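Dumped structure-v4.tsv below, it's TSV, C-alpha atoms (C1' of nucleotides):
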```
chain	number	residue	atom	x	y	z
A	1	MET	CA	-44.12	-153.76	-47.57
A	2	ALA	CA	-44.31	-150.14	-48.64
A	3	ALA	CA	-42.42	-151.15	-51.73
A	4	TRP	CA	-44.83	-153.96	-52.44
A	5	LEU	CA	-47.90	-151.75	-52.09
A	6	ARG	CA	-46.47	-149.18	-54.42
A	7	PHE	CA	-45.58	-151.96	-56.79
A	8	LEU	CA	-49.17	-153.16	-56.82
A	9	ARG	CA	-50.71	-149.73	-57.21
A	10	ALA	CA	-48.30	-148.61	-59.87
A	11	HIS	CA	-48.94	-151.75	-61.84
A	12	ALA	CA	-52.70	-151.25	-61.73
A	13	ALA	CA	-52.50	-147.60	-62.71
A	14	ILE	CA	-49.95	-147.94	-65.48
A	15	THR	CA	-51.29	-151.07	-67.13
A	16	ARG	CA	-54.77	-149.57	-67.13
A	17	GLU	CA	-53.57	-146.48	-68.94
A	18	LEU	CA	-51.34	-148.42	-71.32
A	19	SER	CA	-54.21	-150.77	-72.16
A	20	VAL	CA	-56.50	-147.94	-73.03
A	21	ARG	CA	-53.97	-146.35	-75.33
A	22	LEU	CA	-52.94	-149.58	-76.99
A	23	GLU	CA	-56.56	-150.44	-77.54
A	24	GLU	CA	-57.39	-147.04	-79.00
A	25	GLN	CA	-54.38	-146.76	-81.23
A	26	HIS	CA	-53.99	-150.33	-82.44
A	27	GLY	CA	-56.87	-152.44	-81.19
A	28	LEU	CA	-54.60	-154.63	-79.12
A	29	THR	CA	-54.60	-155.63	-75.48
A	30	LEU	CA	-51.41	-155.59	-73.48
A	31	SER	CA	-51.27	-159.38	-73.65
A	32	ASP	CA	-51.81	-159.32	-77.39
A	33	PHE	CA	-48.92	-156.96	-77.75
A	34	ASP	CA	-46.80	-159.01	-75.43
A	35	VAL	CA	-47.38	-162.16	-77.45
A	36	LEU	CA	-46.81	-160.43	-80.78
A	37	VAL	CA	-43.50	-159.07	-79.56
A	38	GLN	CA	-42.39	-162.51	-78.45
A	39	LEU	CA	-43.25	-163.89	-81.87
A	40	TYR	CA	-41.53	-160.99	-83.56
A	41	HIS	CA	-38.26	-161.84	-81.87
A	42	ALA	CA	-38.63	-165.60	-82.18
A	43	GLU	CA	-36.71	-167.64	-84.70
A	44	GLY	CA	-38.79	-167.80	-87.85
A	45	ARG	CA	-41.31	-165.53	-86.15
A	46	ALA	CA	-43.10	-168.61	-84.86
A	47	MET	CA	-43.34	-170.32	-81.51
A	48	ARG	CA	-45.00	-173.27	-79.86
A	49	ARG	CA	-47.98	-172.28	-77.81
A	50	VAL	CA	-46.54	-173.75	-74.65
A	51	ASP	CA	-43.42	-171.66	-75.02
A	52	ILE	CA	-45.42	-168.51	-75.55
A	53	ALA	CA	-47.36	-169.26	-72.39
A	54	ARG	CA	-44.20	-169.68	-70.37
A	55	GLN	CA	-42.72	-166.51	-71.77
A	56	VAL	CA	-45.62	-164.18	-71.18
A	57	LEU	CA	-46.85	-165.80	-67.97
A	58	LEU	CA	-50.28	-166.79	-69.11
A	59	THR	CA	-51.70	-170.29	-68.88
A	60	ALA	CA	-52.04	-172.51	-71.91
A	61	SER	CA	-55.77	-171.91	-72.11
A	62	GLY	CA	-55.29	-168.17	-71.99
A	63	ILE	CA	-52.89	-168.45	-74.91
A	64	THR	CA	-55.29	-170.55	-76.93
A	65	ARG	CA	-58.01	-167.95	-76.66
A	66	LEU	CA	-55.70	-165.03	-77.13
A	67	LEU	CA	-54.30	-166.57	-80.31
A	68	ASP	CA	-57.84	-167.29	-81.51
A	69	GLY	CA	-58.36	-163.58	-81.50
A	70	LEU	CA	-55.09	-162.76	-83.22
A	71	GLU	CA	-55.76	-165.39	-85.87
A	72	HIS	CA	-59.20	-163.98	-86.43
A	73	SER	CA	-57.61	-160.58	-86.97
A	74	GLY	CA	-55.15	-162.12	-89.39
A	75	LEU	CA	-52.07	-161.15	-87.40
A	76	VAL	CA	-51.06	-164.70	-86.60
A	77	GLU	CA	-51.55	-168.05	-88.27
A	78	LYS	CA	-51.44	-171.66	-87.20
A	79	ARG	CA	-48.73	-173.84	-88.59
A	80	PRO	CA	-48.46	-177.56	-87.91
A	81	CYS	CA	-45.24	-179.13	-86.69
A	82	GLN	CA	-43.87	-181.88	-88.88
A	83	SER	CA	-41.97	-183.72	-86.21
A	84	ASP	CA	-44.68	-183.61	-83.55
A	85	ALA	CA	-48.35	-183.64	-84.44
A	86	ARG	CA	-49.36	-182.39	-81.01
A	87	VAL	CA	-47.84	-178.99	-81.40
A	88	SER	CA	-49.10	-176.25	-83.62
A	89	TYR	CA	-46.93	-173.23	-84.09
A	90	ALA	CA	-48.25	-169.73	-83.92
A	91	ALA	CA	-46.58	-167.70	-86.67
A	92	LEU	CA	-46.69	-163.98	-87.36
A	93	THR	CA	-48.28	-163.10	-90.68
A	94	GLU	CA	-47.11	-160.23	-92.85
A	95	ALA	CA	-49.93	-158.16	-91.42
A	96	GLY	CA	-48.80	-159.18	-87.95
A	97	VAL	CA	-45.28	-157.99	-88.60
A	98	ARG	CA	-46.51	-154.65	-89.85
A	99	LYS	CA	-48.88	-154.36	-86.93
A	100	ILE	CA	-46.27	-154.99	-84.29
A	101	GLU	CA	-43.79	-152.66	-85.92
A	102	ALA	CA	-46.36	-149.91	-85.93
A	103	ALA	CA	-47.58	-150.61	-82.42
A	104	ARG	CA	-44.09	-150.74	-81.01
A	105	GLU	CA	-43.50	-147.11	-81.83
A	106	THR	CA	-46.37	-145.67	-79.86
A	107	HIS	CA	-46.31	-148.29	-77.17
A	108	HIS	CA	-42.69	-147.71	-76.37
A	109	ALA	CA	-43.34	-144.01	-76.23
A	110	ASP	CA	-46.23	-144.60	-73.86
A	111	ILE	CA	-44.13	-146.83	-71.64
A	112	GLN	CA	-41.43	-144.23	-71.62
A	113	GLU	CA	-43.92	-141.54	-70.68
A	114	LEU	CA	-45.74	-143.43	-67.95
A	115	PHE	CA	-42.89	-145.49	-66.62
A	116	GLY	CA	-39.42	-144.64	-67.83
A	117	SER	CA	-39.62	-140.89	-67.68
A	118	ASN	CA	-39.87	-141.05	-63.91
A	119	PHE	CA	-36.28	-142.20	-63.69
A	120	GLU	CA	-32.88	-141.15	-64.84
A	121	ARG	CA	-30.81	-143.55	-66.82
A	122	GLY	CA	-28.85	-144.94	-63.93
A	123	GLU	CA	-32.01	-145.34	-61.91
A	124	GLN	CA	-33.66	-147.30	-64.70
A	125	GLU	CA	-30.78	-149.71	-64.66
A	126	THR	CA	-30.95	-150.03	-60.91
A	127	LEU	CA	-34.64	-150.67	-61.12
A	128	ALA	CA	-34.25	-153.25	-63.85
A	129	GLU	CA	-31.60	-155.01	-61.85
A	130	LEU	CA	-33.70	-155.09	-58.71
A	131	LEU	CA	-36.83	-156.23	-60.51
A	132	GLY	CA	-34.84	-158.88	-62.30
A	133	ARG	CA	-34.27	-160.65	-59.03
A	134	LEU	CA	-37.92	-161.33	-58.50
A	135	PRO	CA	-39.15	-164.88	-59.10
A	136	LEU	CA	-40.88	-165.57	-62.39
A	137	ALA	CA	-42.16	-169.06	-61.70
A	138	PRO	CA	-44.09	-170.34	-58.70
A	139	THR	CA	-41.46	-170.97	-56.05
A	140	ALA	CA	-40.87	-174.69	-56.11
A	141	GLU	CA	-39.30	-174.68	-52.67
A	142	ALA	CA	-42.69	-174.24	-51.10
A	143	CYS	CA	-43.83	-177.56	-52.52
A	144	SER	CA	-40.98	-179.90	-51.71
A	145	GLY	CA	-40.49	-178.29	-48.33
B	1	MET	CA	-38.05	-151.12	-71.40
B	2	ALA	CA	-36.21	-154.01	-69.83
B	3	ALA	CA	-37.28	-152.66	-66.48
B	4	TRP	CA	-40.88	-152.47	-67.60
B	5	LEU	CA	-40.94	-156.02	-68.90
B	6	ARG	CA	-39.50	-157.35	-65.70
B	7	PHE	CA	-42.00	-155.29	-63.80
B	8	LEU	CA	-44.86	-156.86	-65.74
B	9	ARG	CA	-43.59	-160.41	-65.43
B	10	ALA	CA	-42.73	-160.13	-61.79
B	11	HIS	CA	-46.15	-158.75	-61.05
B	12	ALA	CA	-47.88	-161.61	-62.82
B	13	ALA	CA	-45.78	-164.26	-61.14
B	14	ILE	CA	-45.87	-162.87	-57.62
B	15	THR	CA	-49.51	-161.90	-57.49
B	16	ARG	CA	-50.49	-165.29	-58.82
B	17	GLU	CA	-48.57	-167.06	-56.11
B	18	LEU	CA	-49.75	-164.67	-53.39
B	19	SER	CA	-53.36	-165.13	-54.51
B	20	VAL	CA	-53.14	-168.86	-54.28
B	21	ARG	CA	-51.73	-168.75	-50.78
B	22	LEU	CA	-54.13	-166.12	-49.52
B	23	GLU	CA	-57.01	-168.09	-50.94
B	24	GLU	CA	-55.85	-171.34	-49.39
B	25	GLN	CA	-55.03	-169.94	-46.00
B	26	HIS	CA	-57.79	-167.41	-45.51
B	27	GLY	CA	-60.24	-167.65	-48.37
B	28	LEU	CA	-59.48	-164.13	-49.53
B	29	THR	CA	-58.44	-162.68	-52.85
B	30	LEU	CA	-55.66	-160.12	-53.07
B	31	SER	CA	-58.24	-157.40	-53.59
B	32	ASP	CA	-60.28	-158.59	-50.63
B	33	PHE	CA	-57.22	-158.35	-48.47
B	34	ASP	CA	-56.33	-155.00	-49.88
B	35	VAL	CA	-59.75	-153.57	-49.05
B	36	LEU	CA	-59.81	-155.09	-45.59
B	37	VAL	CA	-56.44	-153.55	-44.79
B	38	GLN	CA	-57.63	-150.15	-45.93
B	39	LEU	CA	-60.66	-150.45	-43.68
B	40	TYR	CA	-58.52	-151.68	-40.82
B	41	HIS	CA	-56.46	-148.51	-40.92
B	42	ALA	CA	-59.34	-146.18	-41.59
B	43	GLU	CA	-60.83	-143.96	-38.93
B	44	GLY	CA	-63.61	-145.90	-37.24
B	45	ARG	CA	-62.69	-148.87	-39.44
B	46	ALA	CA	-65.18	-147.65	-41.98
B	47	MET	CA	-64.91	-145.93	-45.34
B	48	ARG	CA	-67.08	-144.63	-48.11
B	49	ARG	CA	-67.11	-146.94	-51.07
B	50	VAL	CA	-65.81	-144.28	-53.41
B	51	ASP	CA	-62.81	-143.69	-51.22
B	52	ILE	CA	-62.05	-147.38	-51.07
B	53	ALA	CA	-62.18	-147.52	-54.83
B	54	ARG	CA	-59.72	-144.69	-55.20
B	55	GLN	CA	-57.40	-146.20	-52.65
B	56	VAL	CA	-57.18	-149.70	-54.06
B	57	LEU	CA	-57.47	-148.72	-57.72
B	58	LEU	CA	-60.63	-150.57	-58.56
B	59	THR	CA	-63.71	-149.02	-60.14
B	60	ALA	CA	-66.81	-148.31	-58.09
B	61	SER	CA	-68.63	-151.27	-59.53
B	62	GLY	CA	-65.76	-153.56	-58.69
B	63	ILE	CA	-65.92	-152.36	-55.10
B	64	THR	CA	-69.65	-152.94	-54.91
B	65	ARG	CA	-69.30	-156.55	-55.92
B	66	LEU	CA	-66.24	-157.14	-53.84
B	67	LEU	CA	-67.98	-155.76	-50.74
B	68	ASP	CA	-71.02	-157.89	-51.54
B	69	GLY	CA	-68.79	-160.88	-51.03
B	70	LEU	CA	-67.21	-159.59	-47.85
B	71	GLU	CA	-70.62	-158.73	-46.42
B	72	HIS	CA	-71.86	-162.15	-47.29
B	73	SER	CA	-68.92	-163.60	-45.38
B	74	GLY	CA	-69.71	-161.33	-42.47
B	75	LEU	CA	-66.39	-159.53	-42.52
B	76	VAL	CA	-67.84	-156.17	-43.44
B	77	GLU	CA	-71.19	-154.49	-42.93
B	78	LYS	CA	-73.05	-151.64	-44.54
B	79	ARG	CA	-73.67	-148.55	-42.49
B	80	PRO	CA	-75.75	-145.61	-43.72
B	81	CYS	CA	-74.40	-142.07	-43.59
B	82	GLN	CA	-76.54	-139.64	-41.63
B	83	SER	CA	-75.45	-136.51	-43.39
B	84	ASP	CA	-75.65	-137.89	-46.93
B	85	ALA	CA	-78.14	-140.56	-47.86
B	86	ARG	CA	-76.28	-141.41	-51.02
B	87	VAL	CA	-73.29	-142.88	-49.30
B	88	SER	CA	-73.19	-146.12	-47.42
B	89	TYR	CA	-70.11	-146.83	-45.39
B	90	ALA	CA	-68.41	-150.17	-45.45
B	91	ALA	CA	-67.38	-151.01	-41.90
B	92	LEU	CA	-65.24	-153.86	-40.61
B	93	THR	CA	-67.09	-156.23	-38.31
B	94	GLU	CA	-65.49	-157.91	-35.31
B	95	ALA	CA	-65.02	-160.99	-37.46
B	96	GLY	CA	-63.45	-158.79	-40.12
B	97	VAL	CA	-60.96	-157.37	-37.66
B	98	ARG	CA	-59.98	-160.83	-36.49
B	99	LYS	CA	-59.74	-162.05	-40.07
B	100	ILE	CA	-57.47	-159.29	-41.22
B	101	GLU	CA	-55.25	-159.57	-38.18
B	102	ALA	CA	-54.84	-163.27	-38.83
B	103	ALA	CA	-54.36	-162.88	-42.55
B	104	ARG	CA	-51.81	-160.13	-42.13
B	105	GLU	CA	-49.41	-162.46	-40.42
B	106	THR	CA	-49.13	-165.02	-43.15
B	107	HIS	CA	-49.60	-162.57	-45.97
B	108	HIS	CA	-46.79	-160.35	-44.83
B	109	ALA	CA	-44.59	-163.39	-44.49
B	110	ASP	CA	-45.51	-164.44	-48.01
B	111	ILE	CA	-44.77	-160.99	-49.38
B	112	GLN	CA	-41.48	-161.00	-47.58
B	113	GLU	CA	-40.62	-164.40	-49.01
B	114	LEU	CA	-41.63	-163.71	-52.60
B	115	PHE	CA	-40.79	-160.04	-52.81
B	116	GLY	CA	-38.83	-158.55	-49.95
B	117	SER	CA	-36.33	-161.31	-49.41
B	118	ASN	CA	-34.80	-160.58	-52.78
B	119	PHE	CA	-33.46	-157.29	-51.50
B	120	GLU	CA	-31.40	-155.96	-48.68
B	121	ARG	CA	-32.82	-153.27	-46.50
B	122	GLY	CA	-31.26	-150.38	-48.32
B	123	GLU	CA	-32.34	-151.81	-51.63
B	124	GLN	CA	-35.91	-152.11	-50.45
B	125	GLU	CA	-35.92	-148.45	-49.60
B	126	THR	CA	-34.44	-147.57	-52.96
B	127	LEU	CA	-37.05	-149.66	-54.67
B	128	ALA	CA	-39.88	-148.13	-52.67
B	129	GLU	CA	-38.63	-144.68	-53.48
B	130	LEU	CA	-38.37	-145.40	-57.19
B	131	LEU	CA	-41.76	-147.08	-57.38
B	132	GLY	CA	-43.28	-144.24	-55.44
B	133	ARG	CA	-42.59	-141.92	-58.33
B	134	LEU	CA	-44.86	-143.82	-60.66
B	135	PRO	CA	-48.23	-142.27	-61.45
B	136	LEU	CA	-51.23	-143.62	-59.58
B	137	ALA	CA	-53.99	-141.87	-61.48
B	138	PRO	CA	-54.54	-141.66	-65.22
B	139	THR	CA	-52.20	-138.92	-66.38
B	140	ALA	CA	-54.36	-135.86	-66.80
B	141	GLU	CA	-51.84	-134.14	-69.02
B	142	ALA	CA	-52.70	-136.43	-71.89
B	143	CYS	CA	-56.28	-135.16	-71.92
B	144	SER	CA	-55.85	-131.42	-71.79
B	145	GLY	CA	-52.88	-131.56	-74.12
C	1	DC	C1'	-90.66	-124.42	-55.57
C	2	DT	C1'	-88.32	-126.36	-60.21
C	3	DT	C1'	-84.58	-127.43	-63.05
C	4	DG	C1'	-80.13	-128.50	-63.91
C	5	DT	C1'	-75.75	-130.81	-62.75
C	6	DA	C1'	-72.67	-133.48	-59.92
C	7	DT	C1'	-71.89	-137.37	-56.90
C	8	DA	C1'	-72.69	-142.27	-54.67
C	9	DC	C1'	-73.82	-146.51	-55.58
C	10	DT	C1'	-75.87	-150.55	-58.16
C	11	DT	C1'	-76.82	-153.41	-62.06
C	12	DG	C1'	-76.58	-155.70	-66.84
C	13	DA	C1'	-73.62	-157.11	-70.26
C	14	DG	C1'	-69.23	-158.21	-71.82
C	15	DT	C1'	-64.30	-159.76	-71.30
C	16	DA	C1'	-59.97	-161.83	-70.07
C	17	DC	C1'	-58.40	-164.61	-67.77
C	18	DG	C1'	-57.64	-169.34	-64.53
C	19	DC	C1'	-58.58	-174.24	-63.38
C	20	DA	C1'	-59.87	-178.78	-64.32
C	21	DA	C1'	-61.06	-182.16	-67.51
C	22	DC	C1'	-60.55	-183.82	-72.04
C	23	DG	C1'	-58.65	-185.85	-76.59
C	24	DA	C1'	-54.66	-186.46	-79.28
C	25	DT	C1'	-50.08	-187.57	-79.68
C	26	DC	C1'	-45.38	-188.75	-78.20
C	27	DT	C1'	-42.23	-191.75	-75.48
C	28	DT	C1'	-40.70	-195.43	-72.84
C	29	DA	C1'	-40.97	-200.21	-70.80
C	30	DG	C1'	-42.12	-204.64	-71.38
D	1	DC	C1'	-47.00	-205.12	-80.70
D	2	DT	C1'	-49.55	-203.16	-76.01
D	3	DA	C1'	-49.77	-200.42	-71.88
D	4	DA	C1'	-48.53	-196.43	-68.92
D	5	DG	C1'	-47.25	-191.99	-68.51
D	6	DA	C1'	-46.02	-187.40	-70.00
D	7	DT	C1'	-46.89	-183.39	-72.94
D	8	DC	C1'	-49.58	-180.15	-76.25
D	9	DG	C1'	-53.53	-178.08	-77.13
D	10	DT	C1'	-58.65	-177.11	-76.55
D	11	DT	C1'	-62.96	-176.55	-74.14
D	12	DG	C1'	-66.61	-175.88	-70.24
D	13	DC	C1'	-67.25	-173.43	-66.45
D	14	DG	C1'	-66.38	-170.10	-62.95
D	15	DT	C1'	-64.65	-165.53	-61.48
D	16	DA	C1'	-63.02	-160.84	-61.01
D	17	DC	C1'	-63.00	-157.43	-63.09
D	18	DT	C1'	-64.58	-153.20	-66.61
D	19	DC	C1'	-67.75	-150.02	-68.91
D	20	DA	C1'	-72.12	-147.98	-69.69
D	21	DA	C1'	-76.49	-147.08	-68.09
D	22	DG	C1'	-79.72	-146.45	-64.38
D	23	DT	C1'	-81.44	-144.88	-59.62
D	24	DA	C1'	-81.26	-142.00	-55.73
D	25	DT	C1'	-79.66	-138.17	-53.47
D	26	DA	C1'	-77.33	-133.57	-52.94
D	27	DC	C1'	-76.64	-128.98	-54.18
D	28	DA	C1'	-76.83	-124.70	-56.69
D	29	DA	C1'	-79.30	-121.23	-59.78
D	30	DG	C1'	-83.48	-119.36	-61.35
```
Mind turning this structure into structure tokens?
Amino acid sequence: MAAWLRFLRAHAAITRELSVRLEEQHGLTLSDFDVLVQLYHAEGRAMRRVDIARQVLLTASGITRLLDGLEHSGLVEKRPCQSDARVSYAALTEAGVRKIEAARETHHADIQELFGSNFERGEQETLAELLGRLPLAPTAEACSG
Amino acid sequence: MAAWLRFLRAHAAITRELSVRLEEQHGLTLSDFDVLVQLYHAEGRAMRRVDIARQVLLTASGITRLLDGLEHSGLVEKRPCQSDARVSYAALTEAGVRKIEAARETHHADIQELFGSNFERGEQETLAELLGRLPLAPTAEACSG
DNA sequence: CTTGTATACTTGAGTACGCAACGATCTTAG
DNA sequence: CTAAGATCGTTGCGTACTCAAGTATACAAG
């Protein structure tokens, strides 16, 4: 319980500060950054929208609107899928690649400052391990009973 | 970095699920609950709005609107401050006390299920300790240099 | 008293989502 | 082929916030 409360508060405080910095320095929101990083590491630097949604834990509609913005900024472009006309890939543009590479630098430093620097190396690993056990999808057990 | 990503994802997944349940079972949002709990533990079950804001990491305007809703539902009431006409206390009503006591039960169980049950007792304490080191306020150092 | 300046709270406008409903397309069964 | 059902994406609408500006009060200095 104590752990959960601290978890909540820390999340609010840190994401707020990270957002402000990311916005100031690169004009991106945290979710923007998150999506760009996913694309950056994806094969061909392109992904289906559904897969992005699953990865970054937004809903499909959130992704649509978020990508609208990134397309408008020229960081991402739509690309049709030849084998399935329903899907449209979101692909990083050249500008997108440069943007994410630049943003990564400062953003990682910010994360390190606000988050990582509070722990020693071993502690970071412990923390990562513990957090890794938490559920990422709605717990299906609750539905089927 | 890995730890941070897991932190972000876990937060999104767990709060989403907790919100849904809290909404279904008690008609409250996570923030509603959070505020009610603060009031419940406050002296006289009343707090200044500013202090609530600081405690739950919302802005003052967010608190105003959130309390509007709770007042409308009759869980909280406004109470003027005799020594300072600027402040109006938010005070739990009888209904509010009953509501939070009821909600606590299921909400704690939900937190335990989604969050706590992933750890053993010692691990929970470790986690709480580690999370407790994270900053809760915008880091002032960044401003003054 | 008046004139700042700080604090408490509210309000208007904007934003980043979620949910539910929709159209388009794929897939499978007949 | 048609029909039924699942999946991908978008859109309308609602909501929970934030920020910036405004009002009202307190307090301190002249």
| request: Go through C:DT15, C:DT5, C:DT28, C:DT10 and flag the residue nearest chain B, using all atoms listed in the file for the distances. | output: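 Checking each candidate against chain B, we get C:DT10 as the closest.
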| message | What are the residues of chain D lining chain A at 9 Å or less? Count only C-alpha atoms (C1' of nucleotides), and put the answer as a PyMOL selection string. | response | chain D and resi 7-11
| Surrounding residues of B:Arg79 excluding itself and chain neighbours under 5 positions, 8 Å, all atoms listed in the file, as a list in words |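 The neighbour list is Ser88, Tyr89, Ala90 and Ala91 of chain B.
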| Nearest residue to chain C from the set B:Ala53, B:Leu30, B:Phe7, B:Leu22 (distances using all atoms listed in the file) |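 Of all the options, B:Ala53 lies closest to chain C.
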| note | Computed gap from atom CA of A:Leu92 to atom CA of A:Leu39 is 6.5 Å
| request: Place a sphere of radius 12 Å on (-56.4, -167.5, -64.8) in the file coordinates and name every protein, DNA or RNA residue with an atom inside or on its surface, counting only C-alpha atoms (C1' of nucleotides); give the answer as a ChimeraX atom specification. | output: /A:53,57-63,65 /B:12-13,15-17,19-20 /C:16-20 /D:14-16
| Which one is closest to chain A: B:Val76, B:Ala102, B:Val37, B:Ala2? Count all atoms listed in the file. | B:Ala2
Do you have, as a Markdown table, the list of residues of chain C lying at most 9 Å from chain B, each with its nearest atom pair and that distance in Å to one decimal, counting only C-alpha atoms (C1' of nucleotides) and ordered by chain then number?
```
| residue | atom | partner | partner_atom | distance |
| --- | --- | --- | --- | --- |
| C:DT7 | C1' | B:Arg86 | CA | 8.4 |
| C:DA8 | C1' | B:Arg86 | CA | 5.2 |
| C:DC9 | C1' | B:Arg86 | CA | 7.3 |
| C:DT10 | C1' | B:Ser61 | CA | 7.4 |
| C:DT11 | C1' | B:Ser61 | CA | 8.8 |
```
| request: Would you give me, as JSON, numbers by chain, the residues of chain A that come within 7 Å of chain B, using only C-alpha atoms? | output: {"A": [2, 3, 6, 7, 9, 10, 12, 13, 17, 57, 115, 118, 124, 127, 128, 131, 132, 133, 134, 135, 136, 137, 138]}
| said: So the first atom is atom CA of A:Glu24 and the second is atom CA of A:Glu77; what is the distance between them in Å, to one decimal place? | reply: 23.7 Å
| task | For atom C1' of C:DG14 and atom CA of B:Gly69, determine how far apart the two atoms are, in Å to one decimal place. | result | 21.0 Å
If we count all atoms listed in the file and set the cut-off at 10 Å, which residues sit around B:Glu101, ignoring sequence neighbours fewer than 6 positions away in its own chain? Please answer as a tab-separated table (two decimals) with C-alpha atoms, in the coordinates of the input.
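The file below, result04.tsv, is the result:
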```
chain	number	residue	atom	x	y	z
B	36	LEU	CA	-59.81	-155.09	-45.59
B	37	VAL	CA	-56.44	-153.55	-44.79
B	40	TYR	CA	-58.52	-151.68	-40.82
B	95	ALA	CA	-65.02	-160.99	-37.46
```
Might I get the box with edges along x, y and z of the file that holds all atoms of stretch 17-30 of chain B listed there, padded by 5 Å on every side, given as centre and edge lengths in Å to one decimal, as JSON?
```
{"center_x": -54.4, "center_y": -165.7, "center_z": -50.8, "size_x": 21.7, "size_y": 21.2, "size_z": 20.6}
```
| query | Which of these residues is nearest to B:Leu66, using all atoms listed in the file: B:Thr93, B:Ala46, B:Thr29, B:Arg98? | reply |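 The shortest atom-to-atom distance to B:Leu66 comes from B:Thr29.
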| Residue contacts of D:DA6 (12 Å, only C-alpha atoms (C1' of nucleotides)) excluding same-chain residues fewer than 5 positions away, as a PyMOL selection string | chain C and resi 25-28
Write out N, CA and C atoms for stretch 23-34 of chain A, as a tab-separated table (two decimals), in the coordinates of the input.
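Saved file result-v5.tsv follows:
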```
chain	number	residue	atom	x	y	z
A	23	GLU	N	-55.28	-150.07	-76.97
A	23	GLU	CA	-56.56	-150.44	-77.54
A	23	GLU	C	-57.02	-149.39	-78.55
A	24	GLU	N	-56.96	-148.14	-78.14
A	24	GLU	CA	-57.39	-147.04	-79.00
A	24	GLU	C	-56.57	-146.98	-80.28
A	25	GLN	N	-55.26	-147.05	-80.10
A	25	GLN	CA	-54.38	-146.76	-81.23
A	25	GLN	C	-54.20	-147.95	-82.17
A	26	HIS	N	-54.29	-149.17	-81.59
A	26	HIS	CA	-53.99	-150.33	-82.44
A	26	HIS	C	-54.96	-151.48	-82.27
A	27	GLY	N	-55.92	-151.35	-81.38
A	27	GLY	CA	-56.87	-152.44	-81.19
A	27	GLY	C	-56.27	-153.68	-80.57
A	28	LEU	N	-55.24	-153.48	-79.77
A	28	LEU	CA	-54.60	-154.63	-79.12
A	28	LEU	C	-54.70	-154.50	-77.60
A	29	THR	N	-54.75	-155.65	-76.93
A	29	THR	CA	-54.60	-155.63	-75.48
A	29	THR	C	-53.11	-155.72	-75.15
A	30	LEU	N	-52.80	-155.48	-73.90
A	30	LEU	CA	-51.41	-155.59	-73.48
A	30	LEU	C	-50.87	-157.00	-73.73
A	31	SER	N	-51.71	-158.00	-73.43
A	31	SER	CA	-51.27	-159.38	-73.65
A	31	SER	C	-51.08	-159.67	-75.12
A	32	ASP	N	-51.98	-159.17	-75.94
A	32	ASP	CA	-51.81	-159.32	-77.39
A	32	ASP	C	-50.44	-158.79	-77.80
A	33	PHE	N	-50.18	-157.59	-77.38
A	33	PHE	CA	-48.92	-156.96	-77.75
A	33	PHE	C	-47.75	-157.80	-77.28
A	34	ASP	N	-47.86	-158.24	-76.05
A	34	ASP	CA	-46.80	-159.01	-75.43
A	34	ASP	C	-46.50	-160.25	-76.27
```
